[in-house]
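K.L.:
Quick one: the structure is below, questions incoming.
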Amino acid sequence: MTTRLLLLPLAFGLLANADPNDPDPALIPPQIRAMLEAAIASGNETDITTVVKYARNAVPEAADAIDAMADVWRDEKTASRSRTLREASFFDLWNGRVELGGFATTGNSRNIGLTGVVDLTREGLRWRHKLHLQGDYQESFDVTSREHYVASYEPNFKLSANNYVYGAAQYESDRFLGYFNRFSASSGAGYSAIRKPRVTLDVELGPAFRHTEFTDGRIESALAARGNLNFAWKLTPAISFNQNASAYVQKFNSTVSANSALNAKLWGPLSAQFSYNVQYESEPPAGRQTTDTISRASLVYSF
């Protein structure tokens with residue numbers, strides 16, 4: 001009896017503070033509620049959005065209550081994600097991909113080609129880190145015909161949902177394009193022009209400094225302007241298209257490169273990828289071509 005008397009003021013207080021405009025969960029029929037709870041339990045945003053859409057059409061009078069259930073899940077998901085990002089160490093939250101490809105021929109021609117790419121990304125609360133490693137090697141009749149290596153690191157500091165500032169450091173080596181070593185450093189502003197579940201587009205622009213050691217003995221150090229574009233489009237759940245392009249424009253030798261890739265999932269984390277890369281050097285050493293292209297077919301492991 002005493003416990004009941006103590007709870008009465010609390011109950012009256014809750015009733016007094018209740019907002020009459022709050023959606024009433026009791027308006028949602030049991031079958032609809034069960035569908036919503038099953039979709040929410042799956043954690044799949046697409047499934048939840050679809051179920052909410054049809055549930056609202058089926059029971060218009062419970063639309064607000066249905067939205068409220070979905071909003072509670074989204075708020076909890078956002079809070080959990082923020083907490084995970086805030087508490088994670090630098091060595092946590094990395095994801096990426098490893099790409100391996102190659103070919104070999106014998107008989108009238110004797111060729112071998114190998115390509116490898118490692119991409120790592122860490123998405124933090126305010127910082128994003130990107131690491132890229134790439135190597136291409138090709139040999140024909142025991143004579144090396146291609147040898148291209150790239151290593152780059154780019155940290156981003158997020159100013160808002162769509163704006164960020166970046167720093168970028170890159171090392172390249174490709175004697176067939178006319179340089180033994182090239183070091184580049186840049187910083188500037190980035191903008192996420194499109195940020196949707198199926199399509200993303202990031203653009204970057206800023207000043208850069210490049211130091212190049214050419215195969216003809218020239219050594220050049222110069223300021224440049226750097227522009228970068230990253231586009232990703234998920235055509236279907238199993239097929240995606242990516243376009244990465246960058247340009248260094250300077251007084252001496254300018255560089256423009258672009259890589260187009262079509263990726264198709266096979267099973268689990270494995271996928272097949274076909275890509276085409278173009279690199280242009282405006283003033284290569286004498287005897288070198290200005291444009292170099294390479295096509296790749298490779299397997300990709302994502303994690």
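Lettering and numbering for the structure tokens are positional, with chains as A, B, ... in the shown order, residues counted from 1 in each chain, and ligands counted from 1 in the shown order.
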What are the closest atom pairs, with distances in Å to one decimal, for each residue of range 109-129 of chain A lying within 8 Å of range 143-155 of chain A, using only C-alpha atoms, rows by chain and rising residue number, as CSV?
P.N.:
```
residue,atom,partner,partner_atom,distance
A:Trp127,CA,A:Pro155,CA,7.0
A:Arg128,CA,A:Pro155,CA,5.7
A:His129,CA,A:Pro155,CA,4.5
```
K.L.:
Could you pull the residues within 6 Å of Gly96 in chain A, counting only C-alpha atoms, minus those fewer than 3 positions along the same chain, as a list in words?
P.N.:
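Near Gly96 in chain A, the qualifying residues are Asp119, Leu120, Thr121, Ser302 and Phe303 of chain A.
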K.L.:
Please produce an output containing C-alpha atoms for each residue in the selection, written as a compact mmCIF listing (two decimals), in the first residue's frame.
P.N.:
```
# COMPACT_ATOMS: atom_id res chain seq x y z
CA ASP A 119 44.06 0.84 -50.53
CA LEU A 120 43.43 1.53 -46.84
CA THR A 121 40.95 4.02 -45.36
CA SER A 302 37.80 -6.22 -49.67
CA PHE A 303 37.86 -6.05 -45.88
```
K.L.:
For Ala34 in chain A, list every protein, DNA or RNA residue within 12 Å, evaluated using only C-alpha atoms, and leave out those in the same chain fewer than 6 positions away; present the list as JSON, numbers by chain.
P.N.:
{"A": [28, 40, 41, 51, 52, 55, 66, 69]}
K.L.:
Please produce an output containing C-alpha atoms for each residue in the selection, written as a PDB file, in the first residue's frame.
P.N.:
```
ATOM      1  CA  ILE A  28       0.243   0.649 -34.925  1.00  0.00           C
ATOM      2  CA  ILE A  40      14.851  -2.721 -37.472  1.00  0.00           C
ATOM      3  CA  ALA A  41      16.409  -5.880 -36.032  1.00  0.00           C
ATOM      4  CA  VAL A  51       8.869  -1.211 -44.688  1.00  0.00           C
ATOM      5  CA  VAL A  52       8.196   2.268 -43.254  1.00  0.00           C
ATOM      6  CA  ALA A  55       3.428   0.670 -43.464  1.00  0.00           C
ATOM      7  CA  ILE A  66       5.670   4.478 -37.491  1.00  0.00           C
ATOM      8  CA  MET A  69       9.893   3.943 -34.313  1.00  0.00           C
TER       9      MET A  69
END
```
K.L.:
For a quick check of understanding, using only C-alpha atoms, which of A:Ser260, A:Ser42, A:Ser192, A:Gln273 has the smallest distance to Lys158 in chain A?
P.N.:
A:Ser192
K.L.:
Rank A:Trp73, A:Phe157, A:Phe252, A:Tyr166 by their smallest atom-to-atom distance to Ser221 in chain A, using only C-alpha atoms, and report the top residue only.
P.N.:
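Checking each candidate against Ser221 in chain A, we get A:Phe252 as the closest.
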K.L.:
To test your reading of the structure, identify every residue in range 221-296 of chain A that backbone DSSP assigns to strand (DSSP E), and report it as number ranges by chain.
P.N.:
A: 221-234, 239-250, 255-267, 270-281, 291-296
K.L.:
Work out how far CA of Ser187 in chain A is from CA of Gln170 in chain A, in Å to one decimal.
P.N.:
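Separation between CA of Gln170 in chain A and CA of Ser187 in chain A: 11.9 Å.
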K.L.:
Taking the backbone alone, and naming residues the way the document does, which bits of range 25-108 of chain A are alpha helix (DSSP H) by DSSP, as a PyMOL selection string?
P.N.:
chain A and resi 30-42+45-58+63-87
K.L.:
Counting only C-alpha atoms, which of A:Glu37, A:Asp75, A:Glu99, A:Glu123 gets nearest to Gly135 in chain A?
P.N.:
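Of A:Glu37, A:Asp75, A:Glu99, A:Glu123, the one nearest Gly135 in chain A, counting only C-alpha atoms, is A:Glu99.
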K.L.:
Hey, which of A:Phe180, A:Tyr137, A:Tyr248, A:Tyr301 ends up closest to Gly206 in chain A? Count only C-alpha atoms.
P.N.:
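Smallest distance to Gly206 in chain A is found for A:Tyr248.
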K.L.:
From the options A:Ser246, A:Thr115, A:Asn44, A:Ser254, which residue's atoms come nearest to Leu223 in chain A, counting only C-alpha atoms?
P.N.:
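Of A:Ser246, A:Thr115, A:Asn44, A:Ser254, the one nearest Leu223 in chain A, counting only C-alpha atoms, is A:Ser254.
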K.L.:
Which residue out of A:Arg288, A:Ala58, A:Trp233, A:Ala258 has the minimum interatomic distance to Ser275 in chain A when only C-alpha atoms are used?
P.N.:
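Distance minimum relative to Ser275 in chain A lands on A:Ala258.
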K.L.:
Would you mind reading off the distance between CA of Asn95 in chain A and CA of Ala238 in chain A, one decimal, in Å?
P.N.:
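Between CA of Asn95 in chain A and CA of Ala238 in chain A the gap works out to 18.8 Å.
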K.L.:
Could you give me, as a PyMOL selection string, the residues within 9 Å of Ala297 in chain A, counting only C-alpha atoms and dropping anything in the same chain fewer than 3 positions from it?
P.N.:
chain A and resi 100-102+272-275
K.L.:
Save the residues we just selected, N, CA and C atoms, as an mmCIF file, in the first residue's frame?
P.N.:
```cif
data_model
loop_
_atom_site.group_PDB
_atom_site.id
_atom_site.type_symbol
_atom_site.label_atom_id
_atom_site.label_comp_id
_atom_site.auth_asym_id
_atom_site.auth_seq_id
_atom_site.Cartn_x
_atom_site.Cartn_y
_atom_site.Cartn_z
ATOM 1 N N LEU A 100 45.061 -7.776 -56.946
ATOM 2 C CA LEU A 100 46.170 -8.521 -57.536
ATOM 3 C C LEU A 100 45.786 -8.989 -58.938
ATOM 4 N N GLY A 101 46.681 -8.791 -59.871
ATOM 5 C CA GLY A 101 46.433 -9.236 -61.235
ATOM 6 C C GLY A 101 47.737 -9.598 -61.912
ATOM 7 N N GLY A 102 47.637 -10.316 -63.016
ATOM 8 C CA GLY A 102 48.854 -10.689 -63.715
ATOM 9 C C GLY A 102 48.560 -11.484 -64.969
ATOM 10 N N ALA A 272 35.833 -9.230 -59.112
ATOM 11 C CA ALA A 272 36.681 -9.089 -60.294
ATOM 12 C C ALA A 272 36.640 -7.637 -60.742
ATOM 13 N N GLN A 273 37.775 -7.141 -61.177
ATOM 14 C CA GLN A 273 37.838 -5.736 -61.584
ATOM 15 C C GLN A 273 38.567 -5.576 -62.909
ATOM 16 N N PHE A 274 38.011 -4.729 -63.754
ATOM 17 C CA PHE A 274 38.633 -4.358 -65.019
ATOM 18 C C PHE A 274 38.843 -2.847 -64.989
ATOM 19 N N SER A 275 40.081 -2.407 -65.230
ATOM 20 C CA SER A 275 40.377 -0.982 -65.134
ATOM 21 C C SER A 275 41.235 -0.527 -66.304
#
```
K.L.:
Mind giving me the straight-line distance from CA of Asn230 in chain A to CA of Ala245 in chain A in Å, one decimal?
P.N.:
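Separating CA of Asn230 in chain A from CA of Ala245 in chain A is a distance of 6.7 Å.
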K.L.:
Using only C-alpha atoms, which residues sit within 9 Å of Ala261 in chain A once same-chain residues fewer than 3 positions away are excluded, as a list of chain:residue names?
P.N.:
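So, after excluding close chain neighbours, the residues are A:Ser240, A:Phe241, A:Asn242, A:Gln243, A:Asn244, A:Gln273, A:Phe274, A:Ser275, A:Tyr276, A:Asn277.
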K.L.:
Could you take the residues named above and write them with N, CA and C atoms, as an mmCIF file, in the first residue's frame?
P.N.:
```
data_model
loop_
_atom_site.group_PDB
_atom_site.id
_atom_site.type_symbol
_atom_site.label_atom_id
_atom_site.label_comp_id
_atom_site.auth_asym_id
_atom_site.auth_seq_id
_atom_site.Cartn_x
_atom_site.Cartn_y
_atom_site.Cartn_z
ATOM 1 N N SER A 240 29.826 -2.025 -59.501
ATOM 2 C CA SER A 240 30.112 -0.625 -59.189
ATOM 3 C C SER A 240 31.132 -0.063 -60.175
ATOM 4 N N PHE A 241 31.103 1.255 -60.318
ATOM 5 C CA PHE A 241 32.025 1.953 -61.215
ATOM 6 C C PHE A 241 32.732 3.042 -60.425
ATOM 7 N N ASN A 242 34.060 3.158 -60.627
ATOM 8 C CA ASN A 242 34.855 4.173 -59.947
ATOM 9 C C ASN A 242 35.698 4.944 -60.961
ATOM 10 N N GLN A 243 35.775 6.246 -60.753
ATOM 11 C CA GLN A 243 36.599 7.099 -61.591
ATOM 12 C C GLN A 243 37.452 7.999 -60.697
ATOM 13 N N ASN A 244 38.765 7.843 -60.781
ATOM 14 C CA ASN A 244 39.692 8.685 -60.036
ATOM 15 C C ASN A 244 40.553 9.452 -61.022
ATOM 16 N N GLN A 273 37.775 -7.141 -61.177
ATOM 17 C CA GLN A 273 37.838 -5.736 -61.584
ATOM 18 C C GLN A 273 38.567 -5.576 -62.909
ATOM 19 N N PHE A 274 38.011 -4.729 -63.754
ATOM 20 C CA PHE A 274 38.633 -4.358 -65.019
ATOM 21 C C PHE A 274 38.843 -2.847 -64.989
ATOM 22 N N SER A 275 40.081 -2.407 -65.230
ATOM 23 C CA SER A 275 40.377 -0.982 -65.134
ATOM 24 C C SER A 275 41.235 -0.527 -66.304
ATOM 25 N N TYR A 276 41.171 0.766 -66.550
ATOM 26 C CA TYR A 276 41.951 1.381 -67.634
ATOM 27 C C TYR A 276 42.547 2.671 -67.089
ATOM 28 N N ASN A 277 43.881 2.787 -67.188
ATOM 29 C CA ASN A 277 44.584 3.946 -66.638
ATOM 30 C C ASN A 277 45.295 4.712 -67.741
#
```
K.L.:
As an mmCIF file with N, CA and C atoms, in the first residue's frame, please: the residues near Ala224 in chain A (cut-off 7 Å, only C-alpha atoms, same-chain neighbours under 4 positions excluded).
P.N.:
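The resulting file, around-v7.cif, is shown below:
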```cif
data_model
loop_
_atom_site.group_PDB
_atom_site.id
_atom_site.type_symbol
_atom_site.label_atom_id
_atom_site.label_comp_id
_atom_site.auth_asym_id
_atom_site.auth_seq_id
_atom_site.Cartn_x
_atom_site.Cartn_y
_atom_site.Cartn_z
ATOM 1 N N PRO A 207 47.371 24.128 -53.623
ATOM 2 C CA PRO A 207 48.742 24.267 -54.132
ATOM 3 C C PRO A 207 49.566 23.029 -53.807
ATOM 4 N N ALA A 208 50.644 22.817 -54.566
ATOM 5 C CA ALA A 208 51.498 21.652 -54.362
ATOM 6 C C ALA A 208 52.952 22.022 -54.659
ATOM 7 N N PHE A 209 53.836 21.167 -54.191
ATOM 8 C CA PHE A 209 55.271 21.290 -54.501
ATOM 9 C C PHE A 209 55.742 19.941 -55.013
ATOM 10 N N TYR A 248 48.437 17.673 -61.836
ATOM 11 C CA TYR A 248 49.427 18.606 -61.300
ATOM 12 C C TYR A 248 49.814 19.525 -62.448
ATOM 13 N N VAL A 249 49.490 20.799 -62.324
ATOM 14 C CA VAL A 249 49.777 21.773 -63.380
ATOM 15 C C VAL A 249 50.877 22.705 -62.888
ATOM 16 N N GLN A 250 51.992 22.768 -63.653
ATOM 17 C CA GLN A 250 53.117 23.600 -63.246
ATOM 18 C C GLN A 250 53.826 24.162 -64.462
#
```
K.L.:
So that I can see what lies close to Glu213 in chain A, please list as a PyMOL selection string the residues with an atom at most 12 Å from it, counting only C-alpha atoms and leaving out residues fewer than 3 positions away in the same chain.
P.N.:
chain A and resi 171-175+177-184+210+216-221+253+284-285
